[in-house]
file upload_14.cif (mmCIF, N, CA and C atoms)
data_my_file
loop_
_atom_site.label_atom_id
_atom_site.label_comp_id
_atom_site.auth_asym_id
_atom_site.auth_seq_id
_atom_site.Cartn_x
_atom_site.Cartn_y
_atom_site.Cartn_z
N MET C 17 -51.58 -51.58 32.04
CA MET C 17 -52.76 -51.73 32.85
C MET C 17 -52.99 -50.43 33.61
N SER C 18 -54.21 -49.95 33.56
CA SER C 18 -54.51 -48.69 34.22
C SER C 18 -54.82 -48.92 35.69
N LEU C 19 -54.66 -47.87 36.46
CA LEU C 19 -54.96 -47.92 37.88
C LEU C 19 -56.31 -47.27 38.15
N LEU C 20 -56.98 -47.77 39.15
CA LEU C 20 -58.24 -47.16 39.54
C LEU C 20 -57.97 -45.83 40.24
N PRO C 21 -58.88 -44.90 40.14
CA PRO C 21 -58.66 -43.59 40.77
C PRO C 21 -58.68 -43.69 42.30
N ARG C 22 -58.05 -42.72 42.92
CA ARG C 22 -58.00 -42.66 44.39
C ARG C 22 -58.96 -41.62 44.95
N ALA C 23 -59.52 -40.82 44.08
CA ALA C 23 -60.47 -39.78 44.51
C ALA C 23 -61.43 -39.49 43.35
N ILE C 24 -62.55 -38.90 43.69
CA ILE C 24 -63.54 -38.52 42.68
C ILE C 24 -63.32 -37.04 42.36
N PRO C 25 -63.04 -36.71 41.11
CA PRO C 25 -62.90 -35.30 40.76
C PRO C 25 -64.21 -34.55 41.02
N ALA C 26 -64.08 -33.31 41.43
CA ALA C 26 -65.27 -32.51 41.76
C ALA C 26 -66.21 -32.38 40.56
N THR C 27 -65.66 -32.25 39.36
CA THR C 27 -66.52 -32.11 38.18
C THR C 27 -67.29 -33.40 37.90
N ALA C 28 -66.65 -34.54 38.08
CA ALA C 28 -67.33 -35.83 37.85
C ALA C 28 -68.45 -36.03 38.86
N ARG C 29 -68.18 -35.66 40.10
CA ARG C 29 -69.21 -35.81 41.13
C ARG C 29 -70.39 -34.87 40.87
N GLN C 30 -70.10 -33.65 40.45
CA GLN C 30 -71.16 -32.68 40.17
C GLN C 30 -72.00 -33.12 38.97
N GLN C 31 -71.34 -33.64 37.92
CA GLN C 31 -72.08 -34.12 36.75
C GLN C 31 -73.00 -35.28 37.14
N LEU C 32 -72.51 -36.19 37.98
CA LEU C 32 -73.34 -37.31 38.42
C LEU C 32 -74.51 -36.80 39.26
N ALA C 33 -74.24 -35.88 40.17
CA ALA C 33 -75.31 -35.34 41.02
C ALA C 33 -76.38 -34.66 40.17
N ASP C 34 -75.98 -33.89 39.17
CA ASP C 34 -76.94 -33.22 38.30
C ASP C 34 -77.76 -34.22 37.49
N SER C 35 -77.09 -35.24 36.98
CA SER C 35 -77.78 -36.26 36.18
C SER C 35 -78.80 -37.03 37.03
N LEU C 36 -78.43 -37.38 38.25
CA LEU C 36 -79.33 -38.12 39.12
C LEU C 36 -80.47 -37.26 39.63
N ALA C 37 -80.18 -36.01 39.94
CA ALA C 37 -81.21 -35.11 40.46
C ALA C 37 -82.31 -34.87 39.43
N ALA C 38 -81.96 -34.87 38.16
CA ALA C 38 -82.96 -34.69 37.11
C ALA C 38 -83.97 -35.84 37.09
N SER C 39 -83.57 -37.01 37.61
CA SER C 39 -84.48 -38.17 37.66
C SER C 39 -85.06 -38.39 39.05
N GLY C 40 -84.80 -37.49 39.96
CA GLY C 40 -85.36 -37.61 41.31
C GLY C 40 -84.60 -38.56 42.22
N ILE C 41 -83.35 -38.84 41.89
CA ILE C 41 -82.53 -39.73 42.71
C ILE C 41 -81.67 -38.87 43.61
N ARG C 42 -81.68 -39.19 44.89
CA ARG C 42 -80.91 -38.43 45.86
C ARG C 42 -79.52 -39.03 46.00
N LEU C 43 -78.51 -38.24 45.74
CA LEU C 43 -77.11 -38.68 45.88
C LEU C 43 -76.63 -38.31 47.27
N GLY C 44 -76.13 -39.31 47.99
CA GLY C 44 -75.64 -39.09 49.35
C GLY C 44 -74.14 -38.83 49.36
N GLY C 45 -73.56 -39.08 50.49
CA GLY C 45 -72.13 -38.86 50.65
C GLY C 45 -71.33 -40.07 50.23
N ILE C 46 -70.06 -40.05 50.62
CA ILE C 46 -69.14 -41.13 50.30
C ILE C 46 -69.39 -42.28 51.27
N LYS C 47 -69.36 -43.49 50.76
CA LYS C 47 -69.55 -44.69 51.57
C LYS C 47 -68.41 -44.78 52.59
N PRO C 48 -68.74 -45.03 53.85
CA PRO C 48 -67.69 -45.13 54.87
C PRO C 48 -66.67 -46.22 54.52
N GLY C 49 -65.41 -45.89 54.68
CA GLY C 49 -64.33 -46.84 54.41
C GLY C 49 -63.86 -46.83 52.97
N THR C 50 -64.44 -45.98 52.14
CA THR C 50 -64.02 -45.90 50.75
C THR C 50 -63.71 -44.45 50.40
N ARG C 51 -63.10 -44.26 49.25
CA ARG C 51 -62.85 -42.91 48.78
C ARG C 51 -63.57 -42.60 47.48
N VAL C 52 -63.94 -43.66 46.74
CA VAL C 52 -64.49 -43.43 45.41
C VAL C 52 -65.88 -44.01 45.23
N THR C 53 -66.58 -44.32 46.31
CA THR C 53 -67.93 -44.88 46.21
C THR C 53 -68.93 -43.94 46.86
N LEU C 54 -69.90 -43.52 46.07
CA LEU C 54 -70.96 -42.64 46.56
C LEU C 54 -72.22 -43.46 46.80
N LEU C 55 -73.01 -43.03 47.75
CA LEU C 55 -74.27 -43.69 48.05
C LEU C 55 -75.41 -42.92 47.42
N ALA C 56 -76.41 -43.64 46.93
CA ALA C 56 -77.59 -43.01 46.35
C ALA C 56 -78.81 -43.81 46.79
N GLU C 57 -79.96 -43.15 46.75
CA GLU C 57 -81.20 -43.82 47.15
C GLU C 57 -82.29 -43.46 46.16
N HIS C 58 -83.05 -44.49 45.76
CA HIS C 58 -84.17 -44.28 44.85
C HIS C 58 -85.27 -45.28 45.19
N ALA C 59 -86.46 -44.80 45.44
CA ALA C 59 -87.64 -45.64 45.74
C ALA C 59 -87.36 -46.60 46.89
N GLY C 60 -86.64 -46.13 47.90
CA GLY C 60 -86.35 -46.95 49.06
C GLY C 60 -85.22 -47.94 48.87
N ALA C 61 -84.63 -47.99 47.70
CA ALA C 61 -83.52 -48.92 47.43
C ALA C 61 -82.20 -48.17 47.52
N ALA C 62 -81.23 -48.80 48.16
CA ALA C 62 -79.90 -48.21 48.30
C ALA C 62 -79.02 -48.62 47.12
N TRP C 63 -78.28 -47.67 46.58
CA TRP C 63 -77.37 -47.91 45.47
C TRP C 63 -75.99 -47.39 45.84
N GLU C 64 -74.98 -48.01 45.28
CA GLU C 64 -73.60 -47.55 45.41
C GLU C 64 -73.08 -47.25 44.01
N LEU C 65 -72.45 -46.10 43.86
CA LEU C 65 -71.86 -45.70 42.59
C LEU C 65 -70.37 -45.51 42.81
N THR C 66 -69.57 -46.40 42.25
CA THR C 66 -68.12 -46.37 42.42
C THR C 66 -67.50 -45.73 41.18
N TYR C 67 -66.69 -44.71 41.39
CA TYR C 67 -66.05 -44.01 40.29
C TYR C 67 -64.91 -44.85 39.74
N LEU C 68 -64.95 -45.11 38.43
CA LEU C 68 -63.91 -45.90 37.78
C LEU C 68 -63.00 -45.05 36.92
N GLY C 69 -63.34 -43.77 36.74
CA GLY C 69 -62.52 -42.89 35.92
C GLY C 69 -62.82 -43.07 34.45
N HIS C 70 -61.82 -42.86 33.61
CA HIS C 70 -61.89 -43.11 32.17
C HIS C 70 -63.13 -42.49 31.52
N GLY C 71 -63.29 -41.21 31.64
CA GLY C 71 -64.41 -40.55 30.99
C GLY C 71 -65.72 -40.68 31.74
N ASN C 72 -65.66 -40.58 33.03
CA ASN C 72 -66.86 -40.63 33.88
C ASN C 72 -67.59 -41.96 33.79
N VAL C 73 -66.90 -43.03 34.07
CA VAL C 73 -67.49 -44.36 34.12
C VAL C 73 -67.69 -44.72 35.58
N TRP C 74 -68.86 -45.27 35.91
CA TRP C 74 -69.22 -45.64 37.26
C TRP C 74 -69.66 -47.10 37.30
N ARG C 75 -69.49 -47.72 38.43
CA ARG C 75 -70.04 -49.06 38.65
C ARG C 75 -71.25 -48.87 39.55
N ALA C 76 -72.43 -49.21 39.03
CA ALA C 76 -73.68 -49.09 39.78
C ALA C 76 -74.01 -50.43 40.42
N THR C 77 -74.09 -50.44 41.74
CA THR C 77 -74.40 -51.65 42.49
C THR C 77 -75.66 -51.41 43.30
N GLY C 78 -76.64 -52.30 43.13
CA GLY C 78 -77.90 -52.16 43.84
C GLY C 78 -78.82 -53.32 43.53
N PRO C 79 -80.11 -53.18 43.82
CA PRO C 79 -81.07 -54.25 43.57
C PRO C 79 -81.10 -54.62 42.08
N GLY C 80 -80.90 -55.88 41.79
CA GLY C 80 -80.87 -56.34 40.41
C GLY C 80 -79.49 -56.26 39.80
N SER C 81 -78.58 -55.55 40.42
CA SER C 81 -77.20 -55.41 39.97
C SER C 81 -76.27 -55.59 41.16
N GLU C 82 -76.37 -56.73 41.82
CA GLU C 82 -75.64 -56.94 43.06
C GLU C 82 -74.12 -56.95 42.88
N HIS C 83 -73.64 -57.30 41.69
CA HIS C 83 -72.20 -57.33 41.46
C HIS C 83 -71.71 -56.09 40.73
N GLY C 84 -72.62 -55.23 40.37
CA GLY C 84 -72.26 -53.97 39.74
C GLY C 84 -72.28 -54.04 38.22
N VAL C 85 -72.69 -52.93 37.62
CA VAL C 85 -72.74 -52.79 36.18
C VAL C 85 -72.07 -51.48 35.83
N GLY C 86 -71.22 -51.50 34.82
CA GLY C 86 -70.56 -50.28 34.38
C GLY C 86 -71.50 -49.38 33.61
N VAL C 87 -71.57 -48.11 34.02
CA VAL C 87 -72.43 -47.14 33.34
C VAL C 87 -71.68 -45.81 33.22
N PHE C 88 -72.02 -45.07 32.17
CA PHE C 88 -71.51 -43.71 32.04
C PHE C 88 -72.37 -42.79 32.90
N THR C 89 -71.87 -41.60 33.16
CA THR C 89 -72.59 -40.65 34.01
C THR C 89 -74.00 -40.41 33.51
N HIS C 90 -74.17 -40.21 32.23
CA HIS C 90 -75.50 -39.89 31.69
C HIS C 90 -76.42 -41.11 31.66
N GLU C 91 -75.89 -42.33 31.83
CA GLU C 91 -76.71 -43.55 31.85
C GLU C 91 -77.07 -44.00 33.25
N ALA C 92 -76.42 -43.48 34.27
CA ALA C 92 -76.60 -43.97 35.64
C ALA C 92 -78.03 -43.83 36.13
N ALA C 93 -78.64 -42.69 35.90
CA ALA C 93 -80.02 -42.48 36.38
C ALA C 93 -80.99 -43.43 35.69
N GLY C 94 -80.82 -43.63 34.40
CA GLY C 94 -81.69 -44.54 33.67
C GLY C 94 -81.55 -45.97 34.16
N HIS C 95 -80.33 -46.36 34.49
CA HIS C 95 -80.10 -47.72 35.00
C HIS C 95 -80.73 -47.90 36.37
N ILE C 96 -80.57 -46.94 37.23
CA ILE C 96 -81.11 -47.04 38.59
C ILE C 96 -82.64 -47.06 38.57
N THR C 97 -83.25 -46.21 37.79
CA THR C 97 -84.70 -46.15 37.77
C THR C 97 -85.32 -47.34 37.03
N ALA C 98 -84.61 -47.93 36.11
CA ALA C 98 -85.15 -49.06 35.35
C ALA C 98 -85.15 -50.35 36.14
N LEU C 99 -84.26 -50.48 37.09
CA LEU C 99 -84.10 -51.74 37.80
C LEU C 99 -84.71 -51.74 39.19
N VAL C 100 -85.77 -51.00 39.39
CA VAL C 100 -86.44 -51.06 40.69
C VAL C 100 -87.23 -52.37 40.73
N PRO C 101 -86.87 -53.27 41.64
CA PRO C 101 -87.55 -54.56 41.66
C PRO C 101 -89.00 -54.44 42.11
N GLU C 102 -89.84 -55.20 41.46
CA GLU C 102 -91.24 -55.25 41.85
C GLU C 102 -91.37 -56.14 43.08
N PRO C 103 -92.20 -55.76 44.03
CA PRO C 103 -92.38 -56.62 45.19
C PRO C 103 -93.02 -57.93 44.78
N GLU C 104 -92.59 -58.99 45.44
CA GLU C 104 -93.12 -60.32 45.13
C GLU C 104 -94.60 -60.37 45.52
N PRO C 105 -95.45 -60.82 44.61
CA PRO C 105 -96.87 -60.88 44.96
C PRO C 105 -97.11 -61.91 46.06
N ALA C 106 -97.97 -61.55 46.97
CA ALA C 106 -98.28 -62.45 48.08
C ALA C 106 -99.38 -63.39 47.62
N VAL C 107 -98.99 -64.56 47.14
CA VAL C 107 -99.96 -65.52 46.63
C VAL C 107 -100.77 -66.10 47.79
N PHE C 108 -100.08 -66.45 48.87
CA PHE C 108 -100.72 -67.00 50.06
C PHE C 108 -100.26 -66.16 51.25
N PRO C 109 -100.81 -64.96 51.44
CA PRO C 109 -100.27 -64.05 52.43
C PRO C 109 -100.35 -64.54 53.87
N CYS C 110 -101.32 -65.37 54.22
CA CYS C 110 -101.49 -65.80 55.61
C CYS C 110 -100.79 -67.12 55.91
N ILE C 111 -100.20 -67.76 54.91
CA ILE C 111 -99.58 -69.06 55.08
C ILE C 111 -98.06 -68.87 55.16
N PRO C 112 -97.39 -69.48 56.14
CA PRO C 112 -95.94 -69.32 56.25
C PRO C 112 -95.22 -69.96 55.06
N ARG C 113 -93.99 -69.54 54.84
CA ARG C 113 -93.17 -70.11 53.77
C ARG C 113 -92.45 -71.37 54.21
N THR C 114 -92.23 -71.49 55.52
CA THR C 114 -91.56 -72.68 56.05
C THR C 114 -92.35 -73.22 57.23
N TYR C 115 -92.14 -74.50 57.49
CA TYR C 115 -92.76 -75.15 58.64
C TYR C 115 -91.71 -76.03 59.28
N ALA C 116 -91.36 -75.74 60.53
CA ALA C 116 -90.31 -76.47 61.25
C ALA C 116 -89.00 -76.48 60.48
N GLY C 117 -88.72 -75.39 59.79
CA GLY C 117 -87.47 -75.28 59.06
C GLY C 117 -87.48 -75.91 57.68
N VAL C 118 -88.63 -76.39 57.22
CA VAL C 118 -88.76 -77.03 55.91
C VAL C 118 -89.61 -76.14 55.02
N SER C 119 -89.16 -75.90 53.77
CA SER C 119 -89.93 -75.10 52.82
C SER C 119 -91.24 -75.81 52.50
N ILE C 120 -92.31 -75.04 52.47
CA ILE C 120 -93.63 -75.61 52.21
C ILE C 120 -93.90 -75.58 50.71
N PRO C 121 -94.20 -76.73 50.10
CA PRO C 121 -94.53 -76.75 48.67
C PRO C 121 -95.79 -75.94 48.38
N GLN C 122 -95.88 -75.42 47.15
CA GLN C 122 -97.03 -74.60 46.76
C GLN C 122 -98.35 -75.34 46.90
N VAL C 123 -98.37 -76.63 46.56
CA VAL C 123 -99.62 -77.39 46.64
C VAL C 123 -100.12 -77.46 48.09
N ILE C 124 -99.20 -77.53 49.04
CA ILE C 124 -99.58 -77.57 50.46
C ILE C 124 -100.00 -76.18 50.92
N ARG C 125 -99.28 -75.15 50.48
CA ARG C 125 -99.65 -73.78 50.86
C ARG C 125 -101.03 -73.42 50.33
N ARG C 126 -101.35 -73.90 49.14
CA ARG C 126 -102.65 -73.58 48.54
C ARG C 126 -103.80 -74.17 49.36
N ASP C 127 -103.62 -75.39 49.87
CA ASP C 127 -104.67 -76.07 50.65
C ASP C 127 -104.19 -76.28 52.09
N TRP C 128 -103.77 -75.22 52.75
CA TRP C 128 -103.16 -75.30 54.07
C TRP C 128 -104.07 -75.93 55.13
N HIS C 129 -105.36 -75.78 55.00
CA HIS C 129 -106.29 -76.28 56.01
C HIS C 129 -106.96 -77.59 55.57
N SER C 130 -106.34 -78.31 54.66
CA SER C 130 -106.91 -79.57 54.16
C SER C 130 -106.27 -80.77 54.86
N PRO C 131 -106.87 -81.96 54.73
CA PRO C 131 -106.27 -83.18 55.29
C PRO C 131 -104.89 -83.47 54.69
N LEU C 132 -104.69 -83.13 53.42
CA LEU C 132 -103.38 -83.32 52.80
C LEU C 132 -102.31 -82.51 53.53
N ALA C 133 -102.61 -81.26 53.84
CA ALA C 133 -101.66 -80.41 54.56
C ALA C 133 -101.44 -80.91 55.98
N ASP C 134 -102.49 -81.41 56.62
CA ASP C 134 -102.33 -81.98 57.97
C ASP C 134 -101.35 -83.16 57.94
N GLY C 135 -101.51 -84.02 56.95
CA GLY C 135 -100.60 -85.16 56.82
C GLY C 135 -99.18 -84.73 56.51
N TRP C 136 -99.05 -83.71 55.69
CA TRP C 136 -97.72 -83.20 55.35
C TRP C 136 -97.04 -82.65 56.61
N ARG C 137 -97.77 -81.86 57.40
CA ARG C 137 -97.21 -81.30 58.64
C ARG C 137 -96.83 -82.41 59.61
N LEU C 138 -97.66 -83.45 59.70
CA LEU C 138 -97.34 -84.58 60.57
C LEU C 138 -96.05 -85.26 60.12
N GLY C 139 -95.91 -85.45 58.82
CA GLY C 139 -94.69 -86.04 58.27
C GLY C 139 -93.46 -85.20 58.57
N VAL C 140 -93.59 -83.90 58.44
CA VAL C 140 -92.46 -83.00 58.73
C VAL C 140 -92.10 -83.07 60.20
N ARG C 141 -93.09 -83.01 61.07
CA ARG C 141 -92.82 -83.09 62.51
C ARG C 141 -92.14 -84.41 62.85
N SER C 142 -92.60 -85.50 62.25
CA SER C 142 -92.00 -86.82 62.53
C SER C 142 -90.55 -86.87 62.05
N ALA C 143 -90.32 -86.33 60.86
CA ALA C 143 -88.96 -86.35 60.31
C ALA C 143 -88.01 -85.46 61.13
N VAL C 144 -88.50 -84.32 61.56
CA VAL C 144 -87.66 -83.40 62.35
C VAL C 144 -87.39 -84.01 63.73
N ALA C 145 -88.38 -84.67 64.31
CA ALA C 145 -88.19 -85.28 65.63
C ALA C 145 -87.23 -86.46 65.58
N ALA C 146 -87.14 -87.13 64.43
CA ALA C 146 -86.26 -88.28 64.29
C ALA C 146 -84.81 -87.89 64.19
N ARG C 147 -84.51 -86.67 63.96
CA ARG C 147 -83.12 -86.21 63.82
C ARG C 147 -82.35 -86.34 65.07
#

call {"tool": "encode", "arguments": {"input": "upload_14.cif", "output": "structure tokens"}}
result
Amino acid sequence: MSLLPRAIPATARQQLADSLAASGIRLGGIKPGTRVTLLAEHAGAAWELTYLGHGNVWRATGPGSEHGVGVFTHEAAGHITALVPEPEPAVFPCIPRTYAGVSIPQVIRRDWHSPLADGWRLGVRSAVAAR
């Protein structure tokens, strides 16, 4: 069984920095409390790149890859730029998502100012007050 590295070789770090810079990704410093995890930022999203060794293999952790994905140095930039999450469309921008701590169903959010929604809100208030 192999051991994980304790430091990032200067050549591996430089190769990663060059690969990311070509795609417009800014590579930051080492993550506080670690020795082998670098921070990167792309399109406002924070990424962590942990050096795994074995021929410049990294674990990329970020939006869409919360548990990390193994990538080679030359694949890291493509992975980071491909997984930029699209913002959720605001279907009902002025209507809250919850009411008194209860998630609002889409049918109620769609007709928020209708008698149906008034009855739903009354039911929620009654149920919450009964607790």

call {"tool": "resolve_selection", "arguments": {"input": "upload_14.cif", "expression": "the PyMOL selection byres (((chain C and resi 36 and name CA) around 9) and name CA)", "output": "list in words"}}
result
Gln31, Leu32, Ala33, Asp34, Ser35, Ala37, Ala38, Ser39, Gly40, Ile41, Arg42, Leu43, Ala56, Thr89, His90, Ala92, Ala93 and Gly94 of chain C

call {"tool": "select_by_dssp", "arguments": {"input": "upload_14.cif", "residues": "chain C", "states": "strand (DSSP E or B)", "output": "JSON, numbers by chain"}}
result
{"C": [42, 43, 44, 45, 46, 53, 54, 55, 56, 57, 58, 61, 62, 63, 64, 65, 66, 67, 68, 69, 73, 74, 75, 76, 77, 78, 81, 82, 83, 84, 85, 86, 87, 88, 114, 115, 118, 119]}

call {"tool": "closest_residue", "arguments": {"input": "upload_14.cif", "among": "C:Gly49, C:Val123, C:Cys110, C:Ala28", "to": "Phe88 (chain C)", "atoms": "only C-alpha atoms"}}
result
C:Ala28

call {"tool": "closest_residue", "arguments": {"input": "upload_14.cif", "among": "C:Ile96, C:Val144, C:Ile24, C:Val73", "to": "Thr53 (chain C)", "atoms": "all atoms listed in the file"}}
result
C:Ile24

call {"tool": "atom_distance", "arguments": {"input": "upload_14.cif", "atom1": "CA of Leu54 (chain C)", "atom2": "CA of Tyr67 (chain C)"}}
result
8.1 Å

call {"tool": "select_by_dssp", "arguments": {"input": "upload_14.cif", "residues": "region 21-115 of chain C", "states": "helix (DSSP H, G or I)", "output": "MDAnalysis selection string"}}
result
chainID C and resid 26:37 89:98

call {"tool": "resolve_selection", "arguments": {"input": "upload_14.cif", "expression": "the PyMOL selection byres (((chain C and resi 68 and name CA) around 12) and name CA)", "output": "PyMOL selection string"}}
result
chain C and resi 18-25+28-29+51-54+65-67+69-76+84-89

call {"tool": "atom_distance", "arguments": {"input": "upload_14.cif", "atom1": "atom N of Ile111 (chain C)", "atom2": "atom N of Ala62 (chain C)"}}
result
27.7 Å

call {"tool": "resolve_selection", "arguments": {"input": "upload_14.cif", "expression": "the PyMOL selection byres (((chain C and resi 121 and name CA) around 12) and name CA)", "output": "list in words"}}
result
Phe108, Ile111, Pro112, Arg113, Thr114, Tyr115, Val118, Ser119, Ile120, Gln122, Val123, Ile124, Arg125, Arg126, Asp127, Trp128, Leu132, Ala133, Trp136 and Arg137 of chain C

call {"tool": "atom_distance", "arguments": {"input": "upload_14.cif", "atom1": "CA of Gly78 (chain C)", "atom2": "atom C of Gly60 (chain C)"}}
result
9.8 Å
